[in-house]
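Engineer: Structure file final13.csv, CSV, C-alpha atoms, is pasted below:
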```csv
chain,number,residue,atom,x,y,z
Y,1,MET,CA,-55.6,-141.4,-73.5
Y,2,GLU,CA,-55.0,-139.8,-70.1
Y,3,LYS,CA,-53.2,-136.5,-70.3
Y,4,ARG,CA,-51.3,-134.9,-67.5
Y,5,GLN,CA,-50.6,-131.3,-66.8
Y,6,LEU,CA,-46.9,-130.4,-66.8
Y,7,GLY,CA,-46.1,-128.4,-63.7
Y,8,ASN,CA,-48.1,-125.1,-63.8
Y,9,SER,CA,-48.0,-124.9,-67.5
Y,10,ASP,CA,-51.0,-125.3,-69.9
Y,11,LEU,CA,-49.2,-128.3,-71.5
Y,12,GLN,CA,-51.3,-131.5,-71.3
Y,13,ILE,CA,-49.0,-134.3,-72.1
Y,14,SER,CA,-49.4,-138.0,-72.6
Y,15,PRO,CA,-48.0,-140.3,-69.8
Y,16,ILE,CA,-45.0,-141.4,-71.9
Y,17,ALA,CA,-42.7,-139.2,-74.1
Y,18,PHE,CA,-40.8,-140.3,-77.1
Y,19,GLY,CA,-37.1,-139.8,-76.7
Y,20,SER,CA,-35.7,-139.0,-80.1
Y,21,ASN,CA,-32.0,-139.2,-79.4
Y,22,VAL,CA,-32.0,-142.3,-81.6
Y,23,PHE,CA,-32.9,-140.2,-84.7
Y,24,GLY,CA,-30.0,-139.8,-86.9
Y,25,TRP,CA,-28.1,-142.4,-84.8
Y,26,THR,CA,-29.6,-145.9,-84.7
Y,27,ILE,CA,-32.5,-145.2,-87.0
Y,28,ASP,CA,-32.9,-143.3,-90.2
Y,29,GLU,CA,-35.6,-140.8,-91.2
Y,30,LYS,CA,-37.9,-143.3,-92.9
Y,31,THR,CA,-38.0,-145.4,-89.7
Y,32,ALA,CA,-38.4,-142.3,-87.5
Y,33,PHE,CA,-41.4,-141.2,-89.6
Y,34,SER,CA,-43.0,-144.6,-89.2
Y,35,LEU,CA,-42.5,-144.7,-85.4
Y,36,LEU,CA,-43.7,-141.1,-84.9
Y,37,ASP,CA,-46.8,-141.9,-87.0
Y,38,LYS,CA,-47.6,-144.9,-84.8
Y,39,PHE,CA,-46.8,-143.0,-81.6
Y,40,VAL,CA,-49.2,-140.2,-82.4
Y,41,ALA,CA,-51.9,-142.5,-83.7
Y,42,ALA,CA,-51.8,-144.3,-80.3
Y,43,GLY,CA,-52.7,-141.0,-78.6
Y,44,PHE,CA,-49.3,-139.9,-77.4
Y,45,ASN,CA,-48.2,-136.3,-78.0
Y,46,LEU,CA,-44.8,-135.4,-76.4
Y,47,ILE,CA,-41.6,-135.7,-78.4
Y,48,ASP,CA,-38.4,-134.9,-76.6
Y,49,THR,CA,-35.2,-134.0,-78.4
Y,50,ALA,CA,-32.1,-131.7,-78.1
Y,51,ASP,CA,-30.0,-129.6,-80.3
Y,52,VAL,CA,-27.0,-131.8,-79.7
Y,53,TYR,CA,-28.8,-135.1,-80.8
Y,54,SER,CA,-26.9,-136.9,-82.3
Y,55,SER,CA,-23.6,-135.1,-82.5
Y,56,TRP,CA,-21.7,-138.1,-81.1
Y,57,VAL,CA,-22.1,-140.1,-84.4
Y,58,SER,CA,-19.3,-139.9,-86.9
Y,59,GLY,CA,-20.2,-137.5,-89.6
Y,60,ASN,CA,-22.9,-135.7,-87.6
Y,61,LYS,CA,-22.7,-132.2,-86.2
Y,62,GLY,CA,-25.8,-132.1,-84.0
Y,63,GLY,CA,-29.3,-131.1,-85.0
Y,64,GLU,CA,-30.0,-134.3,-86.8
Y,65,SER,CA,-32.9,-135.4,-84.5
Y,66,GLU,CA,-34.5,-131.9,-84.7
Y,67,THR,CA,-34.2,-131.9,-88.5
Y,68,ILE,CA,-36.0,-135.3,-88.8
Y,69,ILE,CA,-38.8,-134.2,-86.4
Y,70,GLY,CA,-39.2,-130.9,-88.4
Y,71,ASP,CA,-39.4,-132.8,-91.7
Y,72,TRP,CA,-42.0,-135.1,-90.2
Y,73,VAL,CA,-44.1,-132.3,-88.8
Y,74,LYS,CA,-44.0,-130.5,-92.1
Y,75,ALA,CA,-44.9,-133.7,-94.1
Y,76,ARG,CA,-47.8,-134.5,-91.8
Y,77,ASN,CA,-48.9,-130.9,-91.2
Y,78,ASN,CA,-49.6,-131.8,-87.6
Y,79,ARG,CA,-47.8,-129.2,-85.5
Y,80,ASP,CA,-50.9,-128.5,-83.4
Y,81,LYS,CA,-51.2,-132.2,-82.6
Y,82,VAL,CA,-47.8,-132.6,-80.9
Y,83,ILE,CA,-45.8,-131.1,-78.1
Y,84,ILE,CA,-42.2,-130.6,-78.9
Y,85,ALA,CA,-39.6,-130.3,-76.2
Y,86,THR,CA,-36.0,-129.6,-77.0
Y,87,LYS,CA,-32.9,-128.5,-75.1
Y,88,VAL,CA,-30.1,-126.0,-75.2
Y,89,GLY,CA,-26.8,-125.8,-73.5
Y,90,GLY,CA,-24.8,-128.7,-74.9
Y,91,ASP,CA,-21.7,-128.4,-77.0
Y,92,MET,CA,-22.7,-127.6,-80.6
Y,93,GLY,CA,-19.1,-127.1,-81.8
Y,94,GLN,CA,-18.2,-124.2,-79.5
Y,95,GLY,CA,-16.1,-126.5,-77.4
Y,96,LYS,CA,-18.0,-126.1,-74.2
Y,97,LYS,CA,-21.5,-126.3,-72.6
Y,98,ASP,CA,-23.1,-122.9,-72.7
Y,99,THR,CA,-26.3,-121.3,-71.2
Y,100,SER,CA,-25.3,-117.7,-71.8
Y,101,LYS,CA,-27.6,-115.2,-73.4
Y,102,LYS,CA,-25.5,-115.0,-76.6
Y,103,HIS,CA,-25.5,-118.8,-77.1
Y,104,ILE,CA,-29.2,-119.3,-76.3
Y,105,LEU,CA,-30.3,-116.6,-78.7
Y,106,LYS,CA,-28.4,-118.3,-81.5
Y,107,ALA,CA,-29.3,-121.8,-80.5
Y,108,VAL,CA,-33.0,-121.2,-80.4
Y,109,GLU,CA,-33.1,-119.8,-83.9
Y,110,ASP,CA,-31.2,-122.8,-85.1
Y,111,SER,CA,-33.6,-125.2,-83.4
Y,112,LEU,CA,-36.6,-123.4,-84.7
Y,113,THR,CA,-35.2,-123.6,-88.2
Y,114,ARG,CA,-34.5,-127.3,-88.0
Y,115,LEU,CA,-37.8,-128.1,-86.3
Y,116,LYS,CA,-39.6,-126.1,-89.0
Y,117,THR,CA,-41.8,-124.4,-86.5
Y,118,ASP,CA,-42.4,-120.9,-85.1
Y,119,TYR,CA,-42.4,-122.0,-81.5
Y,120,ILE,CA,-41.0,-124.5,-79.1
Y,121,ASP,CA,-43.5,-125.9,-76.5
Y,122,LEU,CA,-40.9,-126.7,-73.9
Y,123,TYR,CA,-37.3,-125.3,-74.0
Y,124,GLN,CA,-35.1,-127.0,-71.5
Y,125,THR,CA,-31.7,-126.1,-70.0
Y,126,HIS,CA,-29.8,-129.3,-71.1
Y,127,TRP,CA,-26.7,-128.8,-69.0
Y,128,ASP,CA,-26.5,-126.1,-66.4
Y,129,VAL,CA,-23.3,-124.0,-66.4
Y,130,GLU,CA,-22.7,-122.9,-62.9
Y,131,THR,CA,-20.3,-120.0,-63.9
Y,132,ILE,CA,-23.2,-118.4,-65.7
Y,133,PRO,CA,-25.7,-116.6,-63.4
Y,134,VAL,CA,-29.2,-118.2,-63.4
Y,135,GLU,CA,-30.6,-114.7,-63.9
Y,136,GLU,CA,-28.9,-114.3,-67.3
Y,137,THR,CA,-30.3,-117.6,-68.5
Y,138,LEU,CA,-33.8,-117.0,-67.1
Y,139,GLU,CA,-34.0,-113.4,-68.4
Y,140,THR,CA,-33.1,-114.7,-71.9
Y,141,TYR,CA,-35.8,-117.4,-71.7
Y,142,THR,CA,-38.3,-114.7,-70.6
Y,143,GLY,CA,-37.6,-112.6,-73.6
Y,144,LEU,CA,-38.0,-115.6,-75.9
Y,145,ILE,CA,-41.4,-116.4,-74.3
Y,146,ASN,CA,-42.5,-112.7,-74.7
Y,147,GLN,CA,-41.6,-113.0,-78.4
Y,148,GLY,CA,-43.6,-116.2,-78.8
Y,149,LYS,CA,-40.7,-118.3,-79.8
Y,150,VAL,CA,-40.9,-120.4,-76.6
Y,151,ARG,CA,-44.0,-121.3,-74.6
Y,152,TRP,CA,-42.6,-122.9,-71.4
Y,153,ILE,CA,-39.2,-123.7,-70.0
Y,154,GLY,CA,-37.7,-126.7,-68.1
Y,155,ALA,CA,-34.5,-127.9,-66.6
Y,156,SER,CA,-32.3,-130.9,-66.8
Y,157,ASN,CA,-28.9,-132.0,-65.3
Y,158,MET,CA,-29.0,-129.3,-62.6
Y,159,THR,CA,-28.0,-129.5,-59.0
Y,160,LEU,CA,-30.8,-129.1,-56.4
Y,161,ALA,CA,-29.0,-125.9,-55.2
Y,162,ARG,CA,-29.1,-124.3,-58.7
Y,163,LEU,CA,-32.6,-125.4,-59.2
Y,164,LYS,CA,-33.7,-123.7,-56.0
Y,165,GLU,CA,-31.7,-120.6,-56.9
Y,166,SER,CA,-33.4,-120.5,-60.3
Y,167,LEU,CA,-36.9,-120.7,-58.9
Y,168,ALA,CA,-36.1,-118.1,-56.4
Y,169,ALA,CA,-34.6,-115.8,-59.1
Y,170,SER,CA,-37.8,-116.3,-61.2
Y,171,ARG,CA,-40.0,-115.3,-58.3
Y,172,LYS,CA,-37.9,-112.3,-57.3
Y,173,ASN,CA,-37.4,-110.9,-60.8
Y,174,ASN,CA,-40.7,-112.0,-62.4
Y,175,TYR,CA,-38.8,-114.2,-64.9
Y,176,ALA,CA,-40.2,-117.2,-66.6
Y,177,GLN,CA,-40.1,-120.2,-64.2
Y,178,TYR,CA,-39.0,-123.7,-64.9
Y,179,GLN,CA,-42.1,-125.9,-65.1
Y,180,SER,CA,-40.3,-129.3,-65.3
Y,181,LEU,CA,-37.2,-131.2,-64.4
Y,182,GLN,CA,-35.7,-133.9,-66.6
Y,183,PRO,CA,-33.6,-136.2,-64.3
Y,184,LEU,CA,-32.0,-139.6,-64.7
Y,185,TYR,CA,-34.5,-141.9,-63.1
Y,186,ASN,CA,-35.5,-145.5,-63.5
Y,187,LEU,CA,-36.3,-148.7,-61.5
Y,188,TYR,CA,-32.6,-149.4,-61.1
Y,189,GLU,CA,-31.2,-145.8,-60.6
Y,190,ARG,CA,-33.4,-144.3,-57.9
Y,191,ASP,CA,-31.3,-142.9,-55.1
Y,192,ARG,CA,-30.3,-139.5,-56.4
Y,193,PHE,CA,-33.8,-138.4,-57.7
Y,194,GLU,CA,-35.7,-139.9,-54.8
Y,195,GLY,CA,-33.2,-138.7,-52.2
Y,196,GLU,CA,-32.6,-135.1,-53.5
Y,197,PHE,CA,-35.2,-134.0,-56.0
Y,198,GLU,CA,-38.5,-135.9,-55.6
Y,199,GLN,CA,-40.0,-134.1,-52.6
Y,200,PHE,CA,-38.8,-130.7,-53.9
Y,201,CYS,CA,-40.5,-131.3,-57.2
Y,202,LEU,CA,-43.7,-132.4,-55.5
Y,203,ASP,CA,-43.6,-129.4,-53.1
Y,204,ASN,CA,-43.0,-126.9,-56.0
Y,205,ASN,CA,-45.3,-128.6,-58.5
Y,206,LEU,CA,-42.5,-129.3,-61.0
Y,207,GLY,CA,-43.3,-131.8,-63.7
Y,208,VAL,CA,-40.8,-134.6,-64.0
Y,209,LEU,CA,-39.8,-136.1,-67.3
Y,210,SER,CA,-37.4,-138.9,-66.5
Y,211,TYR,CA,-34.7,-139.9,-68.9
Y,212,TYR,CA,-32.9,-143.3,-69.2
Y,213,SER,CA,-36.3,-144.6,-68.1
Y,214,LEU,CA,-35.3,-148.1,-69.3
Y,215,ALA,CA,-31.7,-147.9,-68.2
Y,216,SER,CA,-30.3,-147.9,-71.7
Y,217,GLY,CA,-32.5,-150.9,-72.5
Y,218,PHE,CA,-31.4,-153.0,-69.5
Y,219,LEU,CA,-34.9,-152.9,-68.0
Y,220,THR,CA,-36.4,-154.4,-71.1
Y,221,GLY,CA,-34.9,-157.7,-70.2
Y,222,LYS,CA,-33.0,-157.7,-73.5
Y,223,TYR,CA,-29.6,-158.0,-71.8
Y,224,ARG,CA,-29.3,-161.0,-69.4
Y,225,THR,CA,-25.7,-162.1,-70.0
Y,226,GLU,CA,-22.5,-160.4,-71.1
Y,227,GLU,CA,-22.9,-162.0,-74.5
Y,228,ASP,CA,-26.1,-159.9,-74.9
Y,229,PHE,CA,-24.1,-156.6,-74.8
Y,230,SER,CA,-23.4,-157.0,-78.6
Y,231,LYS,CA,-27.2,-156.9,-79.4
Y,232,SER,CA,-27.2,-153.2,-80.0
Y,233,GLN,CA,-25.0,-150.1,-80.3
Y,234,ARG,CA,-26.0,-149.1,-76.8
Y,235,GLY,CA,-25.1,-152.5,-75.2
Y,236,GLY,CA,-21.8,-151.4,-73.8
Y,237,GLY,CA,-23.6,-149.0,-71.5
Y,238,VAL,CA,-25.6,-151.8,-69.9
Y,239,LYS,CA,-22.8,-153.7,-68.2
Y,240,LYS,CA,-22.9,-151.5,-65.0
Y,241,TYR,CA,-26.5,-152.8,-64.4
Y,242,MET,CA,-25.5,-156.4,-64.5
Y,243,THR,CA,-25.2,-156.7,-60.7
Y,244,GLU,CA,-26.9,-159.1,-58.3
Y,245,ARG,CA,-29.5,-156.3,-57.6
Y,246,GLY,CA,-30.0,-155.8,-61.3
Y,247,LYS,CA,-30.6,-159.5,-61.9
Y,248,LYS,CA,-33.2,-159.5,-59.0
Y,249,ILE,CA,-35.0,-156.5,-60.6
Y,250,ILE,CA,-35.1,-158.3,-64.0
Y,251,ALA,CA,-36.5,-161.4,-62.3
Y,252,ALA,CA,-39.2,-159.3,-60.6
Y,253,LEU,CA,-40.0,-157.6,-63.9
Y,254,ASP,CA,-40.4,-161.0,-65.5
Y,255,ASP,CA,-42.8,-162.1,-62.7
Y,256,VAL,CA,-45.0,-159.0,-62.8
Y,257,ALA,CA,-45.0,-159.0,-66.6
Y,258,ALA,CA,-46.2,-162.6,-66.7
Y,259,ARG,CA,-49.0,-161.7,-64.3
Y,260,HIS,CA,-50.2,-159.0,-66.6
Y,261,ARG,CA,-49.4,-160.8,-69.8
Y,262,SER,CA,-47.1,-157.9,-70.6
Y,263,THR,CA,-43.3,-157.3,-71.0
Y,264,PRO,CA,-40.5,-156.1,-68.7
Y,265,ALA,CA,-40.2,-152.9,-70.7
Y,266,ALA,CA,-43.9,-152.0,-70.3
Y,267,VAL,CA,-43.8,-152.8,-66.6
Y,268,SER,CA,-40.7,-150.7,-66.1
Y,269,LEU,CA,-42.4,-147.7,-67.8
Y,270,ALA,CA,-45.7,-148.4,-65.9
Y,271,TRP,CA,-43.8,-148.3,-62.6
Y,272,LEU,CA,-42.6,-144.7,-63.5
Y,273,VAL,CA,-46.0,-143.7,-64.7
Y,274,ALA,CA,-47.4,-144.8,-61.3
Y,275,ARG,CA,-45.0,-142.6,-59.3
Y,276,SER,CA,-46.8,-139.5,-58.1
Y,277,SER,CA,-43.8,-137.4,-58.8
Y,278,VAL,CA,-43.4,-138.4,-62.4
Y,279,THR,CA,-45.4,-136.7,-65.1
Y,280,ALA,CA,-44.1,-138.8,-68.0
Y,281,PRO,CA,-41.0,-141.1,-68.5
Y,282,ILE,CA,-39.1,-140.5,-71.7
Y,283,ALA,CA,-38.2,-143.7,-73.6
Y,284,SER,CA,-36.8,-144.4,-77.0
Y,285,ALA,CA,-38.0,-146.9,-79.5
Y,286,THR,CA,-36.3,-148.1,-82.7
Y,287,THR,CA,-38.9,-150.7,-83.8
Y,288,ASN,CA,-42.7,-150.9,-83.8
Y,289,LEU,CA,-42.4,-153.8,-81.4
Y,290,GLN,CA,-40.6,-151.6,-78.9
Y,291,LEU,CA,-43.3,-149.0,-79.3
Y,292,GLU,CA,-45.9,-151.5,-78.3
Y,293,ALA,CA,-44.4,-151.4,-74.8
Y,294,PHE,CA,-45.3,-147.7,-74.6
Y,295,ILE,CA,-48.9,-148.4,-75.6
Y,296,ASP,CA,-49.1,-151.3,-73.1
Y,297,ALA,CA,-47.5,-149.2,-70.3
Y,298,ALA,CA,-49.9,-146.3,-70.7
Y,299,SER,CA,-52.8,-148.5,-69.7
Y,300,LEU,CA,-51.1,-150.9,-67.4
Y,301,LYS,CA,-52.2,-150.5,-63.8
Y,302,LEU,CA,-49.8,-152.0,-61.3
Y,303,SER,CA,-51.2,-153.3,-58.0
Y,304,GLU,CA,-49.7,-152.7,-54.6
Y,305,GLU,CA,-48.4,-156.3,-54.7
Y,306,ASP,CA,-46.7,-155.5,-58.1
Y,307,LEU,CA,-45.1,-152.3,-56.7
Y,308,LYS,CA,-43.9,-154.1,-53.6
Y,309,ALA,CA,-42.3,-156.9,-55.7
Y,310,LEU,CA,-40.5,-154.3,-57.8
Y,311,ASP,CA,-39.1,-152.4,-54.8
Y,312,ILE,CA,-35.7,-154.0,-54.8
Y,313,ARG,CA,-33.0,-151.9,-53.0
```
Can you turn what I pasted into C-alpha cells?

Structural biologist:
Amino acid sequence: MEKRQLGNSDLQISPIAFGSNVFGWTIDEKTAFSLLDKFVAAGFNLIDTADVYSSWVSGNKGGESETIIGDWVKARNNRDKVIIATKVGGDMGQGKKDTSKKHILKAVEDSLTRLKTDYIDLYQTHWDVETIPVEETLETYTGLINQGKVRWIGASNMTLARLKESLAASRKNNYAQYQSLQPLYNLYERDRFEGEFEQFCLDNNLGVLSYYSLASGFLTGKYRTEEDFSKSQRGGGVKKYMTERGKKIIAALDDVAARHRSTPAAVSLAWLVARSSVTAPIASATTNLQLEAFIDAASLKLSEEDLKALDIR
C-alpha cells in the first residue's frame, strides 16, 4: 500500500488512519482487536487516539481507547508495525483544557502507561489553550522528544494565528516543530479548512490528518431521512447535515459510487485522499463491513469527472 510522508517527519503513513474514539464507547475490546487486526493486515498503519477517549461515556474516566490499543499492541507484539498518534490537552478530570508543562508531563506518562509503549510516534495538542504561551508547550514537547518519549508533534483545534505563532516560536527557539494539523474537514464541511488553513499547510509542508472525515457517518449514506437518526448512537449529530446541499452531496456520492461499484463511504474517503493538502483522513469503523470502505478508498482513483460531480457548494 502507498505510504505518505507526514510533514517533514520520518513517519511514513498509510493514506487512511483509524480513528479509535469509538473504542470503549460503541465497541468493546474484543471487537476493537478484530478491527485493528484487519486494518493492519490490509496494509494500514496509523492509529489515532487521545487521552480523553472516551470520557463522555457514563462510567468512563478517559483513557479507555488508549488502554485497548495498548492491550492489543502487547497481545500482538507489533509495536514496530504501527504508528500511534495520541493527543493531550483535553479535560482529564482537572475541570479544564490544559497544555501547560505540568499537565503535559503527567499526561504523557499516563498515556505511555495505557498504551504499554516507551514512545509515542505523534503527540498532538488536542485543544489549544490560548492563555498558555506556545513557548511553554513547545519547550515541554522538545524535552519529551529529547528523552525519547515522543518522536514527533502535531496540532489540532488551533487557530491559524496560534499555529503561525507556534511555528515561528519553534524556528526562533529551536524547539520541536508541529509536523501536522488535525482539522475538521470532509466533503460537506469544507469552508474553514480550505479558506483558512489549506494553503498555509501546503506552504509549510504540514501534514493534514482530517477528522470527522465522514461527517459523523452522514457521508456513508446511512442517514437519508430523520427516521434514520436512531440507527446509531451518533445519529443525533447528523441532523445538521440533512440540508438541500447535503442531500445533493449524497446523491452525487451515490452516482460516483455506482460508476466505481463502490460505496458512498469509500468515495467520500477517496475524495479526501485525492486532495493534495491531505495526508490521511481519519475515520472510525465499528464493523468489518465499514472497514471494507477504508480498503476500497485506498485504491479508488477518482476521475476529474468524479471530482467535479462531488464539488457541490

Engineer: Which residues of segment 188-251 of chain Y come within 12 Å of segment 303-309 of chain Y, and what is each one's closest atom pair and distance in Å (one decimal), counting only C-alpha atoms, sorted by chain and residue number, as a Markdown table?

Structural biologist:
```
| residue | atom | partner | partner_atom | distance |
| --- | --- | --- | --- | --- |
| Y:Lys248 | CA | Y:Ala309 | CA | 10.0 |
| Y:Ile249 | CA | Y:Ala309 | CA | 8.8 |
| Y:Ile250 | CA | Y:Ala309 | CA | 11.1 |
| Y:Ala251 | CA | Y:Ala309 | CA | 9.9 |
```

Engineer: Take the residues that were just selected and, keeping C-alpha atoms, output them as a tab-separated table (two decimals), in the coordinates of the input.

Structural biologist:
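Contents of the output file out16.tsv:
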```tsv
chain	number	residue	atom	x	y	z
Y	248	LYS	CA	-33.20	-159.50	-59.00
Y	249	ILE	CA	-35.00	-156.50	-60.60
Y	250	ILE	CA	-35.10	-158.30	-64.00
Y	251	ALA	CA	-36.50	-161.40	-62.30
```

Engineer: Using only C-alpha atoms for the distances, tell me which of Y:Leu209, Y:Tyr53, Y:Met242, Y:Thr31 is nearest to Ser14 of chain Y.

Structural biologist: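 Among Y:Leu209, Y:Tyr53, Y:Met242, Y:Thr31, it is Y:Leu209 that comes nearest to Ser14 of chain Y.
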
Engineer: Please list as a list in words every residue within 6 Å of segment 265-268 of chain Y, counting all atoms listed in the file and excluding residues in the same chain fewer than 2 positions away.

Structural biologist: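 Those residues are Leu219, Thr220, Thr263, Ala270, Trp271, Ala293, Asp296 and Ala297 of chain Y.
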
Engineer: Generate the output file for the selected residues, C-alpha atoms, as a compact mmCIF listing (two decimals), in the coordinates of the input.

Structural biologist:
```txt
# COMPACT_ATOMS: atom_id res chain seq x y z
CA LEU Y 219 -34.90 -152.90 -68.00
CA THR Y 220 -36.40 -154.40 -71.10
CA THR Y 263 -43.30 -157.30 -71.00
CA ALA Y 270 -45.70 -148.40 -65.90
CA TRP Y 271 -43.80 -148.30 -62.60
CA ALA Y 293 -44.40 -151.40 -74.80
CA ASP Y 296 -49.10 -151.30 -73.10
CA ALA Y 297 -47.50 -149.20 -70.30
```

Engineer: Could you state the separation of atom CA of His260 of chain Y and atom CA of Arg275 of chain Y in Å, given to one decimal place?

Structural biologist: 18.7 Å

Engineer: Looking at only C-alpha atoms, which of Y:Val52, Y:Ala32, Y:Leu138, Y:Val73 is the one that sits closest to Lys101 of chain Y?

Structural biologist: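 Between Y:Val52, Y:Ala32, Y:Leu138, Y:Val73, the residue approaching Lys101 of chain Y most closely is Y:Leu138.
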
Engineer: Could you state the separation of atom CA of Ala155 of chain Y and atom CA of Glu66 of chain Y in Å, given to one decimal place?

Structural biologist: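 Separation between atom CA of Ala155 of chain Y and atom CA of Glu66 of chain Y: 18.5 Å.
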
Engineer: Which residues come within 12 Å of Asn78 of chain Y, counting only C-alpha atoms, excluding same-chain residues fewer than 2 positions away, as a list in words?

Structural biologist: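 Surrounding residues, per the criterion: Leu36, Asp37, Val40, Ala41, Asn45, Ile69, Gly70, Asp71, Trp72, Val73, Lys74, Ala75, Arg76, Asp80, Lys81, Val82, Ile83, Ile84, Lys116 and Thr117 of chain Y.
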
Engineer: Between atom CA of Ala42 of chain Y and atom CA of Ala298 of chain Y, measure the distance and give it in Å to one decimal.

Structural biologist: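 Between these atoms lies a distance of 10.0 Å.
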
Engineer: In terms of the shortest atom-to-atom distance over all atoms listed in the file, which of Y:Lys172, Y:His126, Y:Lys240, Y:Lys222 is closest to Ser156 of chain Y?

Structural biologist: Y:His126

Engineer: Skipping near chain neighbours, those fewer than 4 positions away, what residues fall within 10 Å of Glu130 of chain Y using all atoms listed in the file, listed as a ChimeraX atom specification?

Structural biologist: /Y:98-99,134,158-159,162

Engineer: Need the shell around Ser276 of chain Y: protein/DNA/RNA residues with any atom at most 10 Å away, counting only C-alpha atoms. Skip same-chain ones fewer than 5 positions apart. Format as a ChimeraX atom specification?

Structural biologist: /Y:198,202,208

Engineer: Can you spit out the residues from that selection as a compact mmCIF listing (two decimals), in the frame of the given file, using C-alpha atoms?

Structural biologist:
```txt
# COMPACT_ATOMS: atom_id res chain seq x y z
CA GLU Y 198 -38.50 -135.90 -55.60
CA LEU Y 202 -43.70 -132.40 -55.50
CA VAL Y 208 -40.80 -134.60 -64.00
```

Engineer: Name the residues, using the chain letters and numbers of the file, that sit within 6 Å of (-41.6, -140.5, -70.8) when counting all atoms listed in the file, and give them as a PyMOL selection string.

Structural biologist: chain Y and resi 16-17+209+280-283

Engineer: Which residues, protein or nucleic acid, reach to within 12 Å of (-23.3, -116.4, -66.5) in the file's coordinates when using all atoms listed in the file, and can you give that as a PyMOL selection string?

Structural biologist: chain Y and resi 97-104+128-140

Engineer: Could you save the residues just selected, with C-alpha atoms, as a tab-separated table (two decimals), keeping the file's coordinate frame?

Structural biologist:
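See part-v6.tsv below for the written result:
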```
chain	number	residue	atom	x	y	z
Y	97	LYS	CA	-21.50	-126.30	-72.60
Y	98	ASP	CA	-23.10	-122.90	-72.70
Y	99	THR	CA	-26.30	-121.30	-71.20
Y	100	SER	CA	-25.30	-117.70	-71.80
Y	101	LYS	CA	-27.60	-115.20	-73.40
Y	102	LYS	CA	-25.50	-115.00	-76.60
Y	103	HIS	CA	-25.50	-118.80	-77.10
Y	104	ILE	CA	-29.20	-119.30	-76.30
Y	128	ASP	CA	-26.50	-126.10	-66.40
Y	129	VAL	CA	-23.30	-124.00	-66.40
Y	130	GLU	CA	-22.70	-122.90	-62.90
Y	131	THR	CA	-20.30	-120.00	-63.90
Y	132	ILE	CA	-23.20	-118.40	-65.70
Y	133	PRO	CA	-25.70	-116.60	-63.40
Y	134	VAL	CA	-29.20	-118.20	-63.40
Y	135	GLU	CA	-30.60	-114.70	-63.90
Y	136	GLU	CA	-28.90	-114.30	-67.30
Y	137	THR	CA	-30.30	-117.60	-68.50
Y	138	LEU	CA	-33.80	-117.00	-67.10
Y	139	GLU	CA	-34.00	-113.40	-68.40
Y	140	THR	CA	-33.10	-114.70	-71.90
```

Engineer: Need to verify the contact set: segment 183-189 of chain Y, 7 Å, all atoms listed in the file, exclusion of same-chain residues closer than 2 positions in sequence. Can you return it as a list in words?

Structural biologist: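 Once the adjacent positions are removed, what remains is Ser156, Asn157, Leu181, Asp191, Phe193, Leu209, Ser210, Tyr211, Tyr212, Ser213, Leu214, Ala215, Gly246 and Ser268 of chain Y.
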
Engineer: Which is closer to Gln124 of chain Y than all the others in Y:Glu165, Y:Glu194, Y:Asp110, Y:Asp51, using only C-alpha atoms?

Structural biologist: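 Among Y:Glu165, Y:Glu194, Y:Asp110, Y:Asp51, it is Y:Asp51 that comes nearest to Gln124 of chain Y.
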
Engineer: Which of these, Y:Ala285, Y:Ile120, Y:Ile13, Y:Val256, has the shortest distance to Gln147 of chain Y once you count all atoms listed in the file?

Structural biologist: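 Result for the nearest residue to Gln147 of chain Y: Y:Ile120.
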
Engineer: Please determine, counting only C-alpha atoms, which residue among Y:Ile68, Y:Leu310, Y:Leu269, Y:Ala176 has the shortest atom-to-atom distance to Ile295 of chain Y.

Structural biologist: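 The shortest atom-to-atom distance to Ile295 of chain Y comes from Y:Leu269.
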
Engineer: Write a file for segment 24-53 of chain Y, containing C-alpha atoms (output as an mmCIF file, in the first residue's frame).

Structural biologist:
```cif
data_model
loop_
_atom_site.group_PDB
_atom_site.id
_atom_site.type_symbol
_atom_site.label_atom_id
_atom_site.label_comp_id
_atom_site.auth_asym_id
_atom_site.auth_seq_id
_atom_site.Cartn_x
_atom_site.Cartn_y
_atom_site.Cartn_z
ATOM 1 C CA GLY Y 24 -14.648 1.898 24.904
ATOM 2 C CA TRP Y 25 -17.731 3.664 23.591
ATOM 3 C CA THR Y 26 -19.616 1.954 20.780
ATOM 4 C CA ILE Y 27 -17.386 -1.126 20.562
ATOM 5 C CA ASP Y 28 -15.721 -3.326 23.161
ATOM 6 C CA GLU Y 29 -12.160 -4.615 23.352
ATOM 7 C CA LYS Y 30 -12.826 -7.866 21.507
ATOM 8 C CA THR Y 31 -14.351 -6.061 18.534
ATOM 9 C CA ALA Y 32 -11.580 -3.453 18.585
ATOM 10 C CA PHE Y 33 -8.937 -6.182 18.435
ATOM 11 C CA SER Y 34 -10.657 -7.757 15.423
ATOM 12 C CA LEU Y 35 -10.903 -4.443 13.582
ATOM 13 C CA LEU Y 36 -7.298 -3.487 14.282
ATOM 14 C CA ASP Y 37 -6.127 -6.917 13.106
ATOM 15 C CA LYS Y 38 -7.936 -6.461 9.807
ATOM 16 C CA PHE Y 39 -6.802 -2.832 9.482
ATOM 17 C CA VAL Y 40 -3.127 -3.753 9.792
ATOM 18 C CA ALA Y 41 -3.476 -6.888 7.665
ATOM 19 C CA ALA Y 42 -4.799 -4.681 4.847
ATOM 20 C CA GLY Y 43 -1.594 -2.608 4.937
ATOM 21 C CA PHE Y 44 -2.685 0.364 7.033
ATOM 22 C CA ASN Y 45 -0.532 1.534 9.939
ATOM 23 C CA LEU Y 46 -1.738 4.785 11.592
ATOM 24 C CA ILE Y 47 -3.974 4.579 14.669
ATOM 25 C CA ASP Y 48 -5.239 7.870 16.054
ATOM 26 C CA THR Y 49 -6.471 8.235 19.627
ATOM 27 C CA ALA Y 50 -6.467 10.716 22.537
ATOM 28 C CA ASP Y 51 -6.186 10.543 26.280
ATOM 29 C CA VAL Y 52 -9.780 11.769 26.723
ATOM 30 C CA TYR Y 53 -11.315 8.974 24.593
#
```
